[in-house]
Amino acid sequence: MQIPDQLTPVLVRIGAMFPELRDDPVMAASLFENVTSMLTDAHRRYAAGQESSITSGQLLADEHLATGALHAEHMQHPAGAMLAAEVLFDEYLPVFVDEVGATTPAELLRASRALHAGIWSRFPAGAVAYTEALRQRVTTANLDSRAHIARDLHDRVAHGILAGLQRIDLALLTDPPAPQRTAQLEAAAAQLRRALGDVQNLAVALHARVGDDLLDAALARHVADLFPDTERVTIASHGTPGVLVNWRAEESLTILLEALTNWWKHARDAAAHVRFDWQPDRLTVTVHDDGPGFDGTTHAEGRLGQSTMRERAALIGAGLDVASAPGTGTTVTLVVPRSTL
């Protein structure tokens with residue numbers, strides 16, 4: 001990618017403000033392509049003698065929608081793109097004026113409007129595409145969550161209730177001696193109590209909130225509610241804890257509770273360790289259990305709810321990794337940016 005000399009200061013300044021654009025080859029190529037396209041459009045507008053900088057007629061141009069979708073895929077907020085556009089306009093206006101040879105006040109005004117229109121024409125469509133992409137992700141995450149809850153209700157709660165009722169029916173039909181009848185009824189009661197516990201855990205998880213707490217404190221609070229009879233979960237924080245923006249904190253809590261729920265379903269007899277590593281630009285949380293693990297090369301999305309966890313992580317610009325192998329336990333790593341965008 002050959003960058004013209006006159007664009008180098010612009011791209012360097014934008015890259016310093018947004019390292020993720022500079023360091024990601026796909027985003028860096030998109031940035032260069034969009035900047036050159038904007039400037040080409042600005043030159044065309046000036047040469048055509050256009051006096052207006054209003055671009056409402058191009059709000060949904062396909063190429064601009066594609067750019068917005070790419071930014072959503074890489075979790076680049078439109079506000080960041082607008083800040084980059086300010087840099088482009090501020091840095092390139094003197095260069096553009098010189099390129100078009102504008103000297104009179106009318107020419108300088110037309111040059112300024114042409115550059116502004118060339119830049120701004122991309123943003124409404126980009127913002128629309130970004131919003132639609134996020135809406136789709138939210139919809140997908142919610143549908144996955146509903147399917148996951150339905151599976152839990154069917155496979156755990158309904159199964160437990162059915163097993164308990166069958167034991168009661170058996171006692172009623174066979175009318176065994178008192179000791180056997182008592183044992184059957186006690187077993188039925190145990191099944192029903194487990195089913196009730198599963199319902200209560202689902203309710204707690206669905207109503208989980210960070211609220212005014214820090215994320216580590218909120219997780220500890222909900223762990224005590226979800227797993228009151230176990231001391232196998234340890235939570236430790238390292239670094240200086242801080243407040244995450246609300247929408248990131250709430251989704252992070254949901255992801256972490258899902259990871260611990262998976263531990264409870266599949267490895268509750270093993271210890272689970274949660275570690276928070278607070279750094280200035282990100283928070284890394286690892287959830288590791290010493291359970292039997294599973295073959296990570298097989299399709300375990302449905303069993304572990306990984307698809308929902310990944311969708312929720314993508315919504316907040318976080319990274320999620322699940323590592324496991326038979327006999328080594330399972331480690332879930334969540335990396336959450338601490339920025340506000």
# chains A, B, ... in the order shown; residues from 1 in each chain; ligands from 1
$ select_by_dssp --residues "segment 35-270 of chain A" --states "strand (DSSP E)" --output "JSON, numbers by chain"
{"A": [233, 234, 235, 236, 237, 238]}
$ write_last_selection --atoms "N, CA and C atoms" --output "compact mmCIF listing (two decimals), in the first residue's frame"
# COMPACT_ATOMS: atom_id res chain seq x y z
N VAL A 233 -15.34 -22.03 44.79
CA VAL A 233 -15.09 -20.91 43.89
C VAL A 233 -14.26 -19.86 44.63
N THR A 234 -13.12 -19.49 44.05
CA THR A 234 -12.30 -18.41 44.62
C THR A 234 -12.23 -17.28 43.59
N ILE A 235 -12.26 -16.05 44.09
CA ILE A 235 -12.20 -14.86 43.23
C ILE A 235 -11.08 -13.97 43.76
N ALA A 236 -10.15 -13.60 42.88
CA ALA A 236 -9.02 -12.75 43.28
C ALA A 236 -8.86 -11.63 42.26
N SER A 237 -8.52 -10.43 42.76
CA SER A 237 -8.28 -9.27 41.90
C SER A 237 -6.84 -8.80 42.04
N HIS A 238 -6.25 -8.44 40.91
CA HIS A 238 -4.88 -7.94 40.88
C HIS A 238 -4.85 -6.64 40.08
$ residues_around --residues "segment 92-97 of chain A" --least-positions-apart "4" --cutoff "10 Å" --atoms "only C-alpha atoms" --output "number ranges by chain"
A: 6-7, 9-10, 39, 42-43, 86-88, 101-103, 107-112, 114-116
$ write_last_selection --atoms "N, CA and C atoms" --output "PDB file, in the first residue's frame"
ATOM      1  N   GLN A   6       1.617  13.521   0.716  1.00  0.00           N
ATOM      2  CA  GLN A   6       0.729  14.505   1.337  1.00  0.00           C
ATOM      3  C   GLN A   6      -0.264  13.873   2.313  1.00  0.00           C
ATOM      4  N   LEU A   7      -0.458  12.527   2.215  1.00  0.00           N
ATOM      5  CA  LEU A   7      -1.366  11.846   3.140  1.00  0.00           C
ATOM      6  C   LEU A   7      -0.661  11.313   4.376  1.00  0.00           C
ATOM      7  N   PRO A   9       1.211  12.627   6.864  1.00  0.00           N
ATOM      8  CA  PRO A   9       0.962  13.269   8.173  1.00  0.00           C
ATOM      9  C   PRO A   9      -0.443  12.990   8.699  1.00  0.00           C
ATOM     10  N   VAL A  10      -1.425  12.924   7.782  1.00  0.00           N
ATOM     11  CA  VAL A  10      -2.802  12.667   8.204  1.00  0.00           C
ATOM     12  C   VAL A  10      -2.920  11.277   8.810  1.00  0.00           C
ATOM     13  N   LEU A  39     -11.050  12.208  -0.617  1.00  0.00           N
ATOM     14  CA  LEU A  39     -10.323  13.310  -1.261  1.00  0.00           C
ATOM     15  C   LEU A  39     -10.616  13.354  -2.763  1.00  0.00           C
ATOM     16  N   ALA A  42     -13.883  15.004  -3.020  1.00  0.00           N
ATOM     17  CA  ALA A  42     -13.755  16.445  -2.765  1.00  0.00           C
ATOM     18  C   ALA A  42     -13.224  17.175  -3.998  1.00  0.00           C
ATOM     19  N   HIS A  43     -12.244  16.598  -4.672  1.00  0.00           N
ATOM     20  CA  HIS A  43     -11.723  17.204  -5.894  1.00  0.00           C
ATOM     21  C   HIS A  43     -12.796  17.261  -6.976  1.00  0.00           C
ATOM     22  N   GLU A  86     -12.319  14.641  11.710  1.00  0.00           N
ATOM     23  CA  GLU A  86     -11.891  15.985  12.125  1.00  0.00           C
ATOM     24  C   GLU A  86     -10.404  16.179  11.884  1.00  0.00           C
ATOM     25  N   VAL A  87      -9.629  15.143  12.196  1.00  0.00           N
ATOM     26  CA  VAL A  87      -8.190  15.200  11.964  1.00  0.00           C
ATOM     27  C   VAL A  87      -7.907  15.355  10.469  1.00  0.00           C
ATOM     28  N   LEU A  88      -8.610  14.575   9.659  1.00  0.00           N
ATOM     29  CA  LEU A  88      -8.409  14.642   8.214  1.00  0.00           C
ATOM     30  C   LEU A  88      -8.713  16.042   7.681  1.00  0.00           C
ATOM     31  N   GLY A 101      -5.782  25.117  -6.066  1.00  0.00           N
ATOM     32  CA  GLY A 101      -5.394  26.468  -6.463  1.00  0.00           C
ATOM     33  C   GLY A 101      -6.378  27.535  -6.047  1.00  0.00           C
ATOM     34  N   ALA A 102      -7.074  27.325  -4.945  1.00  0.00           N
ATOM     35  CA  ALA A 102      -8.049  28.316  -4.466  1.00  0.00           C
ATOM     36  C   ALA A 102      -7.323  29.509  -3.860  1.00  0.00           C
ATOM     37  N   THR A 103      -7.712  30.710  -4.276  1.00  0.00           N
ATOM     38  CA  THR A 103      -7.071  31.931  -3.765  1.00  0.00           C
ATOM     39  C   THR A 103      -8.074  32.971  -3.295  1.00  0.00           C
ATOM     40  N   GLU A 107     -13.436  31.021  -3.710  1.00  0.00           N
ATOM     41  CA  GLU A 107     -12.791  29.739  -4.004  1.00  0.00           C
ATOM     42  C   GLU A 107     -12.402  29.012  -2.718  1.00  0.00           C
ATOM     43  N   LEU A 108     -11.925  29.749  -1.741  1.00  0.00           N
ATOM     44  CA  LEU A 108     -11.558  29.126  -0.470  1.00  0.00           C
ATOM     45  C   LEU A 108     -12.780  28.526   0.222  1.00  0.00           C
ATOM     46  N   LEU A 109     -13.918  29.255   0.136  1.00  0.00           N
ATOM     47  CA  LEU A 109     -15.146  28.740   0.731  1.00  0.00           C
ATOM     48  C   LEU A 109     -15.601  27.480  -0.004  1.00  0.00           C
ATOM     49  N   ARG A 110     -15.534  27.503  -1.342  1.00  0.00           N
ATOM     50  CA  ARG A 110     -15.950  26.341  -2.121  1.00  0.00           C
ATOM     51  C   ARG A 110     -15.038  25.149  -1.839  1.00  0.00           C
ATOM     52  N   ALA A 111     -13.737  25.412  -1.680  1.00  0.00           N
ATOM     53  CA  ALA A 111     -12.794  24.331  -1.375  1.00  0.00           C
ATOM     54  C   ALA A 111     -13.101  23.717  -0.011  1.00  0.00           C
ATOM     55  N   SER A 112     -13.399  24.570   0.967  1.00  0.00           N
ATOM     56  CA  SER A 112     -13.717  24.075   2.304  1.00  0.00           C
ATOM     57  C   SER A 112     -14.986  23.231   2.282  1.00  0.00           C
ATOM     58  N   ALA A 114     -16.266  21.668  -0.347  1.00  0.00           N
ATOM     59  CA  ALA A 114     -16.035  20.437  -1.118  1.00  0.00           C
ATOM     60  C   ALA A 114     -15.328  19.384  -0.267  1.00  0.00           C
ATOM     61  N   LEU A 115     -14.333  19.795   0.515  1.00  0.00           N
ATOM     62  CA  LEU A 115     -13.621  18.845   1.368  1.00  0.00           C
ATOM     63  C   LEU A 115     -14.540  18.322   2.463  1.00  0.00           C
ATOM     64  N   HIS A 116     -15.319  19.227   3.052  1.00  0.00           N
ATOM     65  CA  HIS A 116     -16.257  18.813   4.087  1.00  0.00           C
ATOM     66  C   HIS A 116     -17.255  17.794   3.542  1.00  0.00           C
TER      67      HIS A 116
END
$ closest_residue --among "A:Val128, A:Val243, A:Asp90, A:Val199" --to "Ala217 of chain A" --atoms "only C-alpha atoms"
A:Val243
$ select_by_dssp --residues "segment 27-236 of chain A" --states "alpha helix (DSSP H)" --output "compact mmCIF listing (two decimals) with C-alpha atoms, in the first residue's frame"
# COMPACT_ATOMS: atom_id res chain seq x y z
CA MET A 27 -8.77 -1.56 9.11
CA ALA A 28 -5.59 0.22 7.97
CA ALA A 29 -6.35 -0.67 4.34
CA SER A 30 -9.97 0.44 4.79
CA LEU A 31 -8.81 3.74 6.31
CA PHE A 32 -6.47 4.45 3.40
CA GLU A 33 -9.12 3.48 0.84
CA ASN A 34 -11.74 5.70 2.48
CA VAL A 35 -9.42 8.68 2.86
CA THR A 36 -8.32 8.56 -0.77
CA SER A 37 -11.95 8.11 -1.86
CA MET A 38 -13.03 11.11 0.22
CA LEU A 39 -10.32 13.31 -1.26
CA THR A 40 -11.14 12.17 -4.80
CA ASP A 41 -14.78 13.05 -4.18
CA ALA A 42 -13.76 16.44 -2.76
CA HIS A 43 -11.72 17.20 -5.89
CA ARG A 44 -14.64 16.18 -8.09
CA ARG A 45 -17.01 18.46 -6.19
CA TYR A 46 -14.66 21.41 -6.42
CA ALA A 47 -14.00 20.88 -10.11
CA ASP A 62 -23.76 0.87 -0.87
CA GLU A 63 -20.02 1.46 -0.51
CA HIS A 64 -20.59 3.61 2.58
CA LEU A 65 -22.90 1.01 4.12
CA ALA A 66 -20.16 -1.58 3.60
CA THR A 67 -17.68 0.61 5.47
CA GLY A 68 -20.07 0.95 8.40
CA ALA A 69 -20.60 -2.82 8.50
CA LEU A 70 -16.82 -3.36 8.53
CA HIS A 71 -16.44 -0.93 11.43
CA ALA A 72 -19.19 -2.76 13.34
CA GLU A 73 -17.48 -6.09 12.68
CA PRO A 78 -18.76 5.83 14.68
CA ALA A 79 -17.61 8.46 17.19
CA GLY A 80 -14.03 7.33 16.61
CA ALA A 81 -14.48 7.67 12.86
CA MET A 82 -15.84 11.20 13.34
CA LEU A 83 -12.79 12.16 15.39
CA ALA A 84 -10.58 10.77 12.62
CA ALA A 85 -12.57 12.83 10.10
CA GLU A 86 -11.89 15.99 12.12
CA VAL A 87 -8.19 15.20 11.96
CA LEU A 88 -8.41 14.64 8.21
CA PHE A 89 -10.20 17.93 7.60
CA ASP A 90 -7.91 19.90 9.92
CA GLU A 91 -4.71 18.38 8.54
CA TYR A 92 -5.60 18.28 4.86
CA LEU A 93 -7.51 21.54 4.27
CA PRO A 94 -4.35 23.61 3.60
CA VAL A 95 -3.06 20.88 1.27
CA PHE A 96 -6.41 20.69 -0.53
CA VAL A 97 -6.59 24.45 -0.98
CA ASP A 98 -3.14 24.37 -2.54
CA GLU A 99 -4.03 21.38 -4.75
CA VAL A 100 -7.09 23.07 -6.24
CA PRO A 105 -12.57 34.09 -0.68
CA ALA A 106 -15.24 32.42 -2.86
CA GLU A 107 -12.79 29.74 -4.00
CA LEU A 108 -11.56 29.13 -0.47
CA LEU A 109 -15.15 28.74 0.73
CA ARG A 110 -15.95 26.34 -2.12
CA ALA A 111 -12.79 24.33 -1.38
CA SER A 112 -13.72 24.08 2.30
CA ARG A 113 -17.25 22.95 1.47
CA ALA A 114 -16.04 20.44 -1.12
CA LEU A 115 -13.62 18.84 1.37
CA HIS A 116 -16.26 18.81 4.09
CA ALA A 117 -18.82 17.15 1.78
CA GLY A 118 -16.29 14.63 0.49
CA ILE A 119 -15.56 13.56 4.06
CA TRP A 120 -19.01 13.79 5.63
CA PHE A 123 -20.72 8.99 7.85
CA PRO A 124 -24.54 8.79 7.89
CA ALA A 125 -24.55 5.52 5.93
CA GLY A 126 -21.68 4.19 8.02
CA ALA A 127 -23.53 4.99 11.25
CA VAL A 128 -26.72 3.36 9.92
CA ALA A 129 -24.85 0.18 8.96
CA TYR A 130 -23.02 0.13 12.30
CA THR A 131 -26.30 0.44 14.19
CA GLU A 132 -28.00 -2.25 12.14
CA ALA A 133 -25.07 -4.62 12.62
CA LEU A 134 -25.20 -4.13 16.39
CA ARG A 135 -28.97 -4.63 16.39
CA GLN A 136 -28.47 -7.92 14.59
CA ARG A 137 -25.87 -8.97 17.13
CA VAL A 138 -28.16 -8.07 20.02
CA THR A 139 -31.00 -10.02 18.40
CA THR A 140 -28.76 -13.04 17.82
CA ALA A 141 -27.44 -12.94 21.38
CA ASN A 142 -30.96 -12.69 22.82
CA LEU A 143 -32.25 -15.54 20.65
CA ASP A 144 -29.29 -17.69 21.67
CA SER A 145 -29.93 -16.86 25.32
CA ARG A 146 -33.59 -17.82 24.99
CA ALA A 147 -32.64 -21.09 23.33
CA HIS A 148 -30.10 -21.74 26.08
CA ILE A 149 -32.70 -21.10 28.80
CA ALA A 150 -35.17 -23.35 26.98
CA ARG A 151 -32.59 -26.15 26.90
CA ASP A 152 -31.91 -25.73 30.62
CA HIS A 159 -36.23 -33.78 33.68
CA GLY A 160 -35.85 -33.35 37.44
CA ILE A 161 -39.57 -32.76 37.95
CA LEU A 162 -40.46 -35.75 35.78
CA ALA A 163 -38.06 -38.00 37.67
CA GLY A 164 -39.52 -36.90 40.99
CA LEU A 165 -43.10 -37.42 39.82
CA GLN A 166 -42.25 -40.87 38.50
CA ARG A 167 -40.92 -41.87 41.89
CA ILE A 168 -44.13 -40.63 43.54
CA ASP A 169 -46.26 -42.50 40.98
CA LEU A 170 -44.22 -45.65 41.60
CA ALA A 171 -44.85 -45.41 45.34
CA LEU A 172 -48.59 -44.89 44.77
CA LEU A 173 -48.91 -47.74 42.26
CA THR A 174 -46.87 -50.36 44.08
CA ALA A 178 -43.37 -48.30 54.77
CA PRO A 179 -39.55 -48.25 54.73
CA GLN A 180 -39.40 -48.59 50.94
CA ARG A 181 -42.21 -46.06 50.46
CA THR A 182 -40.36 -43.59 52.66
CA ALA A 183 -37.15 -44.08 50.67
CA GLN A 184 -38.99 -43.58 47.36
CA LEU A 185 -40.72 -40.42 48.59
CA GLU A 186 -37.45 -39.03 49.97
CA ALA A 187 -35.76 -39.68 46.62
CA ALA A 188 -38.65 -37.95 44.86
CA ALA A 189 -38.38 -34.97 47.20
CA ALA A 190 -34.63 -34.76 46.50
CA GLN A 191 -35.29 -34.72 42.74
CA LEU A 192 -37.89 -31.98 43.11
CA ARG A 193 -35.65 -29.92 45.38
CA ARG A 194 -32.86 -30.10 42.78
CA ALA A 195 -35.29 -28.96 40.09
CA LEU A 196 -36.40 -26.08 42.31
CA GLY A 197 -32.75 -25.15 42.86
CA ASP A 198 -32.18 -25.10 39.12
CA VAL A 199 -35.17 -22.76 38.66
CA GLN A 200 -33.89 -20.49 41.42
CA ASN A 201 -30.41 -20.38 39.85
CA LEU A 202 -31.89 -19.49 36.47
CA ALA A 203 -33.90 -16.69 38.09
CA VAL A 204 -30.82 -15.33 39.88
CA ALA A 205 -28.78 -15.41 36.67
CA LEU A 206 -31.52 -13.66 34.67
CA LEU A 215 -17.41 -6.04 38.37
CA ASP A 216 -15.39 -8.28 40.70
CA ALA A 217 -17.56 -7.39 43.70
CA ALA A 218 -20.75 -7.93 41.68
CA LEU A 219 -19.54 -11.35 40.55
CA ALA A 220 -18.69 -12.35 44.12
CA ARG A 221 -22.16 -11.27 45.25
CA HIS A 222 -23.92 -13.34 42.60
CA VAL A 223 -21.66 -16.36 43.12
CA ALA A 224 -22.74 -16.37 46.77
CA ASP A 225 -26.39 -16.35 45.62
CA LEU A 226 -25.98 -18.98 42.91
$ closest_residue --among "A:Arg156, A:His273, A:Arg312, A:His266" --to "Phe294 of chain A" --atoms "only C-alpha atoms"
A:His266
$ residues_around --residues "Ala313 of chain A" --least-positions-apart "5" --cutoff "8 Å" --atoms "only C-alpha atoms" --output "PyMOL selection string"
chain A and resi 251-252+255+318-320+334
$ write_last_selection --atoms "C-alpha atoms" --output "short mmCIF file (atom, residue, chain, number, x, y, z; two decimals), in the first residue's frame"
data_model
loop_
_atom_site.label_atom_id
_atom_site.label_comp_id
_atom_site.auth_asym_id
_atom_site.auth_seq_id
_atom_site.Cartn_x
_atom_site.Cartn_y
_atom_site.Cartn_z
CA GLU A 251 -22.52 -7.95 29.56
CA SER A 252 -19.23 -9.01 31.17
CA ILE A 255 -20.55 -13.90 30.35
CA ALA A 318 -14.19 -7.84 24.15
CA GLY A 319 -12.15 -10.92 23.32
CA LEU A 320 -13.23 -14.36 24.50
CA LEU A 334 -12.38 -12.59 28.77
#
$ closest_residue --among "A:Val245, A:Val26, A:Val157, A:Ala259" --to "Thr331 of chain A" --atoms "only C-alpha atoms"
A:Ala259
$ residues_around --residues "segment 286-290 of chain A" --least-positions-apart "4" --cutoff "8 Å" --atoms "only C-alpha atoms" --output "PyMOL selection string"
chain A and resi 256+259-260+263+267+270-276+328-334
$ atom_distance --atom1 "atom CA of Thr104 of chain A" --atom2 "atom CA of Glu51 of chain A"
14.2 Å
